[in-house]
Amino acid sequence: MNNDIKIQFLGGSNEVGSLAMVLETGGIKLLFEYGMTPSKPPAFPLPAPPVDMTLLTHSHLDHSGMIPSLCSEYDQTILTTELTGEISSLLHKDSIKIAKTEGYAPPYNSADIKEAKHSIVPVEPSQKKGIGGDHEIRSHSAGHIPGSLMFELVGSRKTLFTGDLNVIDTRLVKGTKPVQCDVLCMEGTYAGRDHPKKREELEKDFLDKIDEVVGRGGVAVLPAFAVSRSQELALVIRKAGYNVWFDGMGRKVSKMFLKYPKYLRSAENLKKALNKINMVHSDHGRKLALNSEVIITSSGMMDGGPVLSYMNHLRNDPKNAVLLTGYQVEGTNSRLLVDKGKLNFYGVIENVECEVEYFDFSAHAGHSELVEFAKGCNPEKIVLFHSDNRKALEEPLKDVAEVYSPNTGELLEL
Ligand SMILES: [Zn+2]
């Protein structure tokens with residue numbers, strides 16, 4: 001049997017966004033992810049060819065965002081966890097809403113979203129699944145967010161596709177471990193950057209800062225992604241006894257997490273953490289939140305969501321603080337806040353007098369952790385993607401394996 005592996009990225013090879021990779025070997029063709037970049041306007045990967053199966057590692061839009069558009073064209077079989085299926089659906093519906101408010105044509109409709117949900121064949125971490133021929137898919141937990149997977153394709157050779165991965169234990173999920181393989185397709189979001197602090201230290205500094213803000217009579221606003229970061233922060237602050245309010249889509253996502261406790265490090269802890277937090281359900285709740293101590297709310301990059309209405313009220317008081325916990329992508333509102341101390345309120349740019357600080361609560365492995373992970377997989381070949389700085393990883397990985405950094409559209413034969 002021909003054991004060549006052909007790989008082509010349709011997007012997301014040299015950027016964090018719009019990820020999609022086609023892999024062909026021994027008579028089967030697979031699509032890994034079909035994402036989008038939620039920029040203005042949104043960006044999409046190249047059109048996908050018909051494939052035998054689509055594999056989705058997790059729900060974040062840069063990985064899952066365009067999955068429904070596949071379903072409007074061909075019948076699909078989509079391998080992913082049930083939790084990823086549910087959260088993706090929620091995010092897909094939201095992205096149609098956002099496209100409409102911002103005046104862009106949505107790339108799919110609600111019928112496509114339903115179809116995508118029906119096309120899912122659920123898999124679990126540590127599960128093996130025959131997919132025809134001599135091929136098998138083994139799934140492994142990716143340690144990135146609840147329900148996230150890495151996929152190992154086992155044929156005459158073993159190929160591992162990591163999606164987004166994290167190796168350290170966070171409050172929400174346990175970190176992943178290397179998987180022995182011949183070809184390693186690995187993300188590189190943090191290529192060239194290490195996380196400056198250990199988690200325990202970071203958590204302590206974060207809580208100290210909230211103490212300081214609350215102590216001077218201010219409100220600490222924590223803009224956070226609805227999927228995973230909001231819940232991680234809820235867990236981090238759960239024992240501190242603050243008056244906390246939670247707003248935005250993260251409330252729904254929390255319920256989904258609790259519905260699938262098997263993907264959580266401790267469902268019990270998450271339940272306890274969320275029970276201590278007040279949920280905003282109305283304008284009245286929003287008013288109470290404004291007079292509380294801590295507000296956790298979407299969106300993480302402050303480009304929309306309830307966070308802007310809170311900031312509109314809180315921005316003029318230097319006693320208040322915005323504590324960012326996610327990476328600020330170029331061109332986003334949170335980046336504008338960090339760089340210039342300003343926020344764009346739906347077209348009107350205003351000064352922000354609050355203190356602004358960034359805490360690196362990333363769900364991605366840092367540079368050195370990626371290198372260690374790759375070494376542990378002991379591959380012959382490494383394909384890097386999902387990174388705007390793959391060069392930084394090529395150098396240290398050269399001694400581990402042959403390293404490839406293909407461009408989008410380029411055909412790689414391994
Ligand atoms: Zn992700």
# chains A, B, ... in the order shown; residues from 1 in each chain; ligands from 1
call {"tool": "residues_around", "arguments": {"residues": "Leu343 in chain A", "least_positions_apart": "2", "cutoff": "12 Å", "atoms": "only C-alpha atoms", "output": "PyMOL selection string"}}
result
chain A and resi 301-304+307-309+311-312+315-316+322+331-341+345-354+356
call {"tool": "write_last_selection", "arguments": {"atoms": "N, CA and C atoms", "output": "tab-separated table (two decimals), in the first residue's frame"}}
result
chain	number	residue	atom	x	y	z
A	301	MET	N	-12.28	39.95	23.88
A	301	MET	CA	-11.48	41.00	23.23
A	301	MET	C	-12.25	42.31	23.16
A	302	MET	N	-13.38	42.36	23.86
A	302	MET	CA	-14.15	43.59	24.07
A	302	MET	C	-14.70	44.21	22.79
A	303	ASP	N	-14.89	43.37	21.76
A	303	ASP	CA	-15.43	43.90	20.50
A	303	ASP	C	-16.95	43.89	20.47
A	304	GLY	N	-17.56	43.41	21.50
A	304	GLY	CA	-19.02	43.37	21.57
A	304	GLY	C	-19.40	42.73	22.88
A	307	VAL	N	-19.78	43.50	27.96
A	307	VAL	CA	-18.64	44.21	28.55
A	307	VAL	C	-18.63	45.69	28.17
A	308	LEU	N	-19.08	45.99	26.94
A	308	LEU	CA	-19.03	47.39	26.50
A	308	LEU	C	-20.05	48.25	27.25
A	309	SER	N	-21.20	47.67	27.57
A	309	SER	CA	-22.17	48.48	28.31
A	309	SER	C	-21.67	48.71	29.74
A	311	MET	N	-18.48	48.91	30.59
A	311	MET	CA	-17.36	49.86	30.49
A	311	MET	C	-17.84	51.28	30.24
A	312	ASN	N	-18.98	51.39	29.56
A	312	ASN	CA	-19.54	52.71	29.31
A	312	ASN	C	-19.85	53.41	30.64
A	315	ARG	N	-15.95	53.46	32.87
A	315	ARG	CA	-14.67	53.85	32.26
A	315	ARG	C	-14.03	55.12	32.84
A	316	ASN	N	-14.84	56.01	33.42
A	316	ASN	CA	-14.28	57.30	33.87
A	316	ASN	C	-13.68	57.28	35.26
A	322	VAL	N	-9.70	47.10	34.49
A	322	VAL	CA	-10.00	46.05	33.50
A	322	VAL	C	-8.85	45.07	33.57
A	331	GLY	N	-5.82	44.84	16.21
A	331	GLY	CA	-7.06	45.33	15.60
A	331	GLY	C	-8.29	45.16	16.47
A	332	THR	N	-8.15	44.52	17.64
A	332	THR	CA	-9.32	44.34	18.50
A	332	THR	C	-9.40	45.49	19.51
A	333	ASN	N	-10.56	45.60	20.13
A	333	ASN	CA	-10.82	46.65	21.10
A	333	ASN	C	-9.91	46.52	22.33
A	334	SER	N	-9.67	45.28	22.77
A	334	SER	CA	-8.83	45.10	23.96
A	334	SER	C	-7.38	45.53	23.66
A	335	ARG	N	-6.97	45.36	22.41
A	335	ARG	CA	-5.64	45.79	22.01
A	335	ARG	C	-5.56	47.32	22.04
A	336	LEU	N	-6.63	47.97	21.57
A	336	LEU	CA	-6.72	49.43	21.58
A	336	LEU	C	-6.64	49.94	23.03
A	337	LEU	N	-7.29	49.21	23.92
A	337	LEU	CA	-7.29	49.59	25.34
A	337	LEU	C	-5.89	49.49	25.93
A	338	VAL	N	-5.20	48.38	25.63
A	338	VAL	CA	-3.86	48.18	26.17
A	338	VAL	C	-2.89	49.20	25.58
A	339	ASP	N	-2.96	49.41	24.27
A	339	ASP	CA	-1.99	50.28	23.60
A	339	ASP	C	-2.27	51.77	23.82
A	340	LYS	N	-3.55	52.15	23.79
A	340	LYS	CA	-3.86	53.59	23.76
A	340	LYS	C	-4.76	54.05	24.91
A	341	GLY	N	-5.22	53.13	25.76
A	341	GLY	CA	-6.12	53.53	26.84
A	341	GLY	C	-7.47	54.02	26.34
A	345	PHE	N	-16.68	52.26	21.29
A	345	PHE	CA	-18.05	51.90	21.64
A	345	PHE	C	-18.91	52.00	20.38
A	346	TYR	N	-18.93	50.94	19.60
A	346	TYR	CA	-19.73	50.86	18.37
A	346	TYR	C	-19.54	52.10	17.50
A	347	GLY	N	-18.28	52.45	17.26
A	347	GLY	CA	-17.99	53.55	16.35
A	347	GLY	C	-17.55	54.83	17.05
A	348	VAL	N	-17.81	54.95	18.34
A	348	VAL	CA	-17.39	56.15	19.08
A	348	VAL	C	-16.21	55.78	19.98
A	349	ILE	N	-15.06	56.42	19.74
A	349	ILE	CA	-13.88	56.07	20.52
A	349	ILE	C	-13.78	56.97	21.76
A	350	GLU	N	-13.69	56.34	22.93
A	350	GLU	CA	-13.68	57.10	24.19
A	350	GLU	C	-12.44	56.75	25.00
A	351	ASN	N	-11.99	57.71	25.80
A	351	ASN	CA	-10.89	57.44	26.73
A	351	ASN	C	-11.36	56.57	27.88
A	352	VAL	N	-10.45	55.77	28.39
A	352	VAL	CA	-10.76	54.93	29.56
A	352	VAL	C	-9.77	55.29	30.66
A	353	GLU	N	-10.30	55.71	31.80
A	353	GLU	CA	-9.44	56.15	32.91
A	353	GLU	C	-9.08	55.00	33.85
A	354	CYS	N	-9.72	53.85	33.68
A	354	CYS	CA	-9.49	52.71	34.61
A	354	CYS	C	-8.06	52.18	34.45
A	356	VAL	N	-5.56	49.26	33.65
A	356	VAL	CA	-5.67	48.12	32.72
A	356	VAL	C	-4.48	47.21	32.95
call {"tool": "residues_near_ligand", "arguments": {"ligand": "ligand 1", "cutoff": "10 Å", "atoms": "only C-alpha atoms and all ligand atoms", "output": "JSON, numbers by chain"}}
result
{"A": [16, 17, 57, 58, 59, 60, 61, 62, 63, 64, 144, 145, 148, 163, 164, 165, 166, 189, 227, 228, 362, 363, 364]}
call {"tool": "write_last_selection", "arguments": {"atoms": "C-alpha atoms", "output": "compact mmCIF listing (two decimals), in the first residue's frame"}}
result
# COMPACT_ATOMS: atom_id res chain seq x y z
CA VAL A 16 -4.09 32.00 14.31
CA GLY A 17 -7.45 31.79 12.53
CA THR A 57 -10.82 19.09 17.82
CA HIS A 58 -12.80 21.78 19.67
CA SER A 59 -15.43 24.47 19.44
CA HIS A 60 -13.42 27.73 19.21
CA LEU A 61 -14.47 29.55 16.04
CA ASP A 62 -11.00 29.58 14.48
CA HIS A 63 -11.36 25.76 14.37
CA SER A 64 -15.11 25.15 14.04
CA HIS A 144 -6.98 22.99 25.95
CA ILE A 145 -10.65 23.40 26.95
CA SER A 148 -11.08 19.29 23.28
CA GLY A 163 -5.53 21.14 17.33
CA ASP A 164 -4.89 23.55 20.20
CA LEU A 165 -3.06 21.94 23.09
CA ASN A 166 -2.06 22.67 26.65
CA THR A 189 0.18 29.78 18.81
CA VAL A 227 -16.00 29.30 26.29
CA SER A 228 -13.65 28.19 29.03
CA SER A 362 -3.58 31.14 28.27
CA ALA A 363 -5.02 27.72 27.41
CA HIS A 364 -2.13 27.06 24.99
call {"tool": "select_by_dssp", "arguments": {"residues": "range 265-320 of chain A", "states": "alpha helix (DSSP H)", "output": "PyMOL selection string"}}
result
chain A and resi 267-275+283-290+307-314
call {"tool": "select_by_dssp", "arguments": {"residues": "range 58-303 of chain A", "states": "strand (DSSP E)", "output": "JSON, numbers by chain"}}
result
{"A": [78, 79, 80, 120, 121, 122, 128, 129, 130, 136, 137, 138, 139, 140, 141, 149, 150, 151, 152, 153, 154, 158, 159, 160, 161, 183, 184, 185, 186, 187, 220, 221, 222, 223, 244, 245, 246, 247, 278, 279, 294, 295, 296, 297]}
call {"tool": "write_last_selection", "arguments": {"atoms": "C-alpha atoms", "output": "compact mmCIF listing (two decimals), in the first residue's frame"}}
result
# COMPACT_ATOMS: atom_id res chain seq x y z
CA ILE A 78 -18.04 14.88 11.71
CA LEU A 79 -16.02 13.30 14.49
CA THR A 80 -15.95 15.32 17.71
CA ILE A 120 -21.77 14.54 14.34
CA VAL A 121 -20.55 11.08 15.29
CA PRO A 122 -19.54 11.54 18.93
CA LYS A 128 -10.42 4.03 18.99
CA LYS A 129 -12.56 4.13 15.90
CA GLY A 130 -12.12 2.20 12.63
CA GLU A 136 -8.20 3.90 12.73
CA ILE A 137 -8.69 7.18 14.58
CA ARG A 138 -7.62 7.37 18.20
CA SER A 139 -8.68 10.43 20.16
CA HIS A 140 -6.75 11.94 23.03
CA SER A 141 -7.68 14.76 25.37
CA LEU A 149 -9.31 16.44 21.45
CA MET A 150 -6.16 15.60 19.55
CA PHE A 151 -6.60 13.04 16.76
CA GLU A 152 -4.18 10.23 15.99
CA LEU A 153 -4.60 8.64 12.57
CA VAL A 154 -3.22 5.12 12.63
CA LYS A 158 0.92 7.26 12.77
CA THR A 159 -0.05 10.91 12.35
CA LEU A 160 -1.03 13.13 15.28
CA PHE A 161 -3.06 16.32 14.74
CA VAL A 183 4.17 12.62 11.67
CA LEU A 184 3.30 15.32 14.16
CA CYS A 185 1.03 18.17 13.00
CA MET A 186 1.36 20.68 15.84
CA GLU A 187 -0.12 24.10 16.61
CA ALA A 220 -12.71 44.77 38.64
CA VAL A 221 -14.03 44.01 35.14
CA LEU A 222 -12.81 40.68 33.75
CA PRO A 223 -13.60 40.54 30.02
CA VAL A 244 -19.13 38.54 41.66
CA TRP A 245 -21.53 38.91 38.72
CA PHE A 246 -21.41 36.86 35.54
CA ASP A 247 -22.88 38.09 32.23
CA ASN A 278 -24.65 36.05 40.68
CA MET A 279 -25.95 35.59 37.16
CA VAL A 294 -16.08 41.75 40.20
CA ILE A 295 -17.80 41.37 36.81
CA ILE A 296 -16.94 38.44 34.52
CA THR A 297 -18.35 39.07 31.08
call {"tool": "atom_distance", "arguments": {"atom1": "CA of Lys319 in chain A", "atom2": "CA of Leu288 in chain A"}}
result
17.7 Å
call {"tool": "atom_distance", "arguments": {"atom1": "CA of Gly366 in chain A", "atom2": "CA of Arg229 in chain A"}}
result
16.9 Å
call {"tool": "closest_atom_pairs", "arguments": {"of": "range 217-332 of chain A", "to": "range 90-106 of chain A", "cutoff": "9 Å", "atoms": "only C-alpha atoms", "output": "tab-separated table"}}
result
residue	atom	partner	partner_atom	distance
A:Met249	CA	A:Leu90	CA	8.9
A:Lys252	CA	A:Leu90	CA	8.8
A:Val253	CA	A:Leu90	CA	8.4
call {"tool": "residues_around", "arguments": {"residues": "Val236 in chain A", "least_positions_apart": "3", "cutoff": "8 Å", "atoms": "only C-alpha atoms", "output": "list in words"}}
result
Arg171, Glu203, Glu232, Leu233 and Lys239 of chain A
call {"tool": "closest_residue", "arguments": {"among": "A:Met256, A:Leu46, A:Ala226, A:Val383", "to": "Ser298 in chain A", "atoms": "only C-alpha atoms"}}
result
A:Ala226
call {"tool": "residues_around", "arguments": {"residues": "Lys381 in chain A", "least_positions_apart": "4", "cutoff": "6 Å", "atoms": "only C-alpha atoms", "output": "MDAnalysis selection string"}}
result
chainID A and resid 183 401:403
call {"tool": "write_last_selection", "arguments": {"atoms": "C-alpha atoms", "output": "compact mmCIF listing (two decimals), in the first residue's frame"}}
result
# COMPACT_ATOMS: atom_id res chain seq x y z
CA VAL A 183 4.17 12.62 11.67
CA ALA A 401 12.70 15.84 13.30
CA GLU A 402 12.35 17.24 9.78
CA VAL A 403 10.26 20.37 10.21
call {"tool": "atom_distance", "arguments": {"atom1": "CA of Glu372 in chain A", "atom2": "CA of Asp205 in chain A"}}
result
26.8 Å
call {"tool": "residues_around", "arguments": {"residues": "Ile168 in chain A", "least_positions_apart": "6", "cutoff": "12 Å", "atoms": "only C-alpha atoms", "output": "list in words"}}
result
Ala142, Gly143, His144, Ile145, Lys174, Gly175, Thr176, Lys177, His195, Lys198, Arg199, Glu200, Phe361, Ser362, Ala363, His364, Ala365, Gly366, Glu369, Leu370 and Phe373 of chain A
call {"tool": "write_last_selection", "arguments": {"atoms": "N, CA and C atoms", "output": "PDB file, in the first residue's frame"}}
result
ATOM      1  N   ALA A 142      -6.914  16.987  24.658  1.00  0.00           N
ATOM      2  CA  ALA A 142      -5.901  17.977  24.253  1.00  0.00           C
ATOM      3  C   ALA A 142      -5.527  18.932  25.385  1.00  0.00           C
ATOM      4  N   GLY A 143      -6.264  18.887  26.484  1.00  0.00           N
ATOM      5  CA  GLY A 143      -5.944  19.730  27.640  1.00  0.00           C
ATOM      6  C   GLY A 143      -6.172  21.219  27.418  1.00  0.00           C
ATOM      7  N   HIS A 144      -6.821  21.568  26.313  1.00  0.00           N
ATOM      8  CA  HIS A 144      -6.981  22.988  25.945  1.00  0.00           C
ATOM      9  C   HIS A 144      -8.227  23.585  26.599  1.00  0.00           C
ATOM     10  N   ILE A 145      -9.386  23.004  26.299  1.00  0.00           N
ATOM     11  CA  ILE A 145     -10.646  23.398  26.946  1.00  0.00           C
ATOM     12  C   ILE A 145     -11.467  22.120  27.149  1.00  0.00           C
ATOM     13  N   LYS A 174      -7.293  19.015  32.792  1.00  0.00           N
ATOM     14  CA  LYS A 174      -5.926  18.529  32.993  1.00  0.00           C
ATOM     15  C   LYS A 174      -5.141  18.665  31.693  1.00  0.00           C
ATOM     16  N   GLY A 175      -3.861  18.917  31.805  1.00  0.00           N
ATOM     17  CA  GLY A 175      -3.011  19.063  30.621  1.00  0.00           C
ATOM     18  C   GLY A 175      -2.860  17.741  29.871  1.00  0.00           C
ATOM     19  N   THR A 176      -2.435  17.850  28.602  1.00  0.00           N
ATOM     20  CA  THR A 176      -2.265  16.648  27.785  1.00  0.00           C
ATOM     21  C   THR A 176      -0.822  16.142  27.859  1.00  0.00           C
ATOM     22  N   LYS A 177      -0.617  14.954  27.283  1.00  0.00           N
ATOM     23  CA  LYS A 177       0.726  14.353  27.253  1.00  0.00           C
ATOM     24  C   LYS A 177       1.082  14.016  25.804  1.00  0.00           C
ATOM     25  N   HIS A 195       5.178  31.372  28.681  1.00  0.00           N
ATOM     26  CA  HIS A 195       4.334  31.995  29.704  1.00  0.00           C
ATOM     27  C   HIS A 195       5.254  32.464  30.827  1.00  0.00           C
ATOM     28  N   LYS A 198       4.458  30.788  36.517  1.00  0.00           N
ATOM     29  CA  LYS A 198       3.773  29.545  36.836  1.00  0.00           C
ATOM     30  C   LYS A 198       2.318  29.870  37.193  1.00  0.00           C
ATOM     31  N   ARG A 199       1.417  28.929  36.942  1.00  0.00           N
ATOM     32  CA  ARG A 199       0.003  29.175  37.193  1.00  0.00           C
ATOM     33  C   ARG A 199      -0.303  29.646  38.618  1.00  0.00           C
ATOM     34  N   GLU A 200       0.305  28.987  39.607  1.00  0.00           N
ATOM     35  CA  GLU A 200      -0.011  29.336  41.014  1.00  0.00           C
ATOM     36  C   GLU A 200       0.372  30.787  41.286  1.00  0.00           C
ATOM     37  N   PHE A 361      -3.552  34.056  31.292  1.00  0.00           N
ATOM     38  CA  PHE A 361      -4.239  32.800  31.617  1.00  0.00           C
ATOM     39  C   PHE A 361      -4.463  31.969  30.349  1.00  0.00           C
ATOM     40  N   SER A 362      -3.428  31.815  29.547  1.00  0.00           N
ATOM     41  CA  SER A 362      -3.580  31.145  28.270  1.00  0.00           C
ATOM     42  C   SER A 362      -3.955  29.670  28.426  1.00  0.00           C
ATOM     43  N   ALA A 363      -4.679  29.151  27.436  1.00  0.00           N
ATOM     44  CA  ALA A 363      -5.018  27.725  27.406  1.00  0.00           C
ATOM     45  C   ALA A 363      -4.154  26.990  26.378  1.00  0.00           C
ATOM     46  N   HIS A 364      -3.054  27.652  25.962  1.00  0.00           N
ATOM     47  CA  HIS A 364      -2.128  27.058  24.987  1.00  0.00           C
ATOM     48  C   HIS A 364      -0.785  26.777  25.646  1.00  0.00           C
ATOM     49  N   ALA A 365      -0.124  25.726  25.198  1.00  0.00           N
ATOM     50  CA  ALA A 365       1.242  25.473  25.642  1.00  0.00           C
ATOM     51  C   ALA A 365       2.138  26.620  25.186  1.00  0.00           C
ATOM     52  N   GLY A 366       3.082  27.021  26.036  1.00  0.00           N
ATOM     53  CA  GLY A 366       4.057  28.046  25.668  1.00  0.00           C
ATOM     54  C   GLY A 366       5.160  27.441  24.800  1.00  0.00           C
ATOM     55  N   GLU A 369       7.221  24.574  26.187  1.00  0.00           N
ATOM     56  CA  GLU A 369       6.333  23.419  26.402  1.00  0.00           C
ATOM     57  C   GLU A 369       6.010  22.727  25.080  1.00  0.00           C
ATOM     58  N   LEU A 370       5.875  23.509  24.012  1.00  0.00           N
ATOM     59  CA  LEU A 370       5.627  22.916  22.690  1.00  0.00           C
ATOM     60  C   LEU A 370       6.839  22.089  22.253  1.00  0.00           C
ATOM     61  N   PHE A 373       6.874  18.939  24.229  1.00  0.00           N
ATOM     62  CA  PHE A 373       5.791  18.074  23.768  1.00  0.00           C
ATOM     63  C   PHE A 373       6.211  17.351  22.490  1.00  0.00           C
TER      64      PHE A 373
END
call {"tool": "residues_around", "arguments": {"residues": "Tyr358 in chain A", "least_positions_apart": "3", "cutoff": "7 Å", "atoms": "only C-alpha atoms", "output": "short mmCIF file (atom, residue, chain, number, x, y, z; two decimals) with N, CA and C atoms, in the first residue's frame"}}
result
data_model
loop_
_atom_site.label_atom_id
_atom_site.label_comp_id
_atom_site.auth_asym_id
_atom_site.auth_seq_id
_atom_site.Cartn_x
_atom_site.Cartn_y
_atom_site.Cartn_z
N LEU A 323 -9.16 43.83 33.94
CA LEU A 323 -8.11 42.81 34.03
C LEU A 323 -8.29 41.84 32.86
N LEU A 324 -7.44 41.99 31.86
CA LEU A 324 -7.52 41.14 30.67
C LEU A 324 -6.80 39.82 30.95
N THR A 325 -7.37 38.74 30.43
CA THR A 325 -6.75 37.43 30.70
C THR A 325 -6.52 36.64 29.43
#
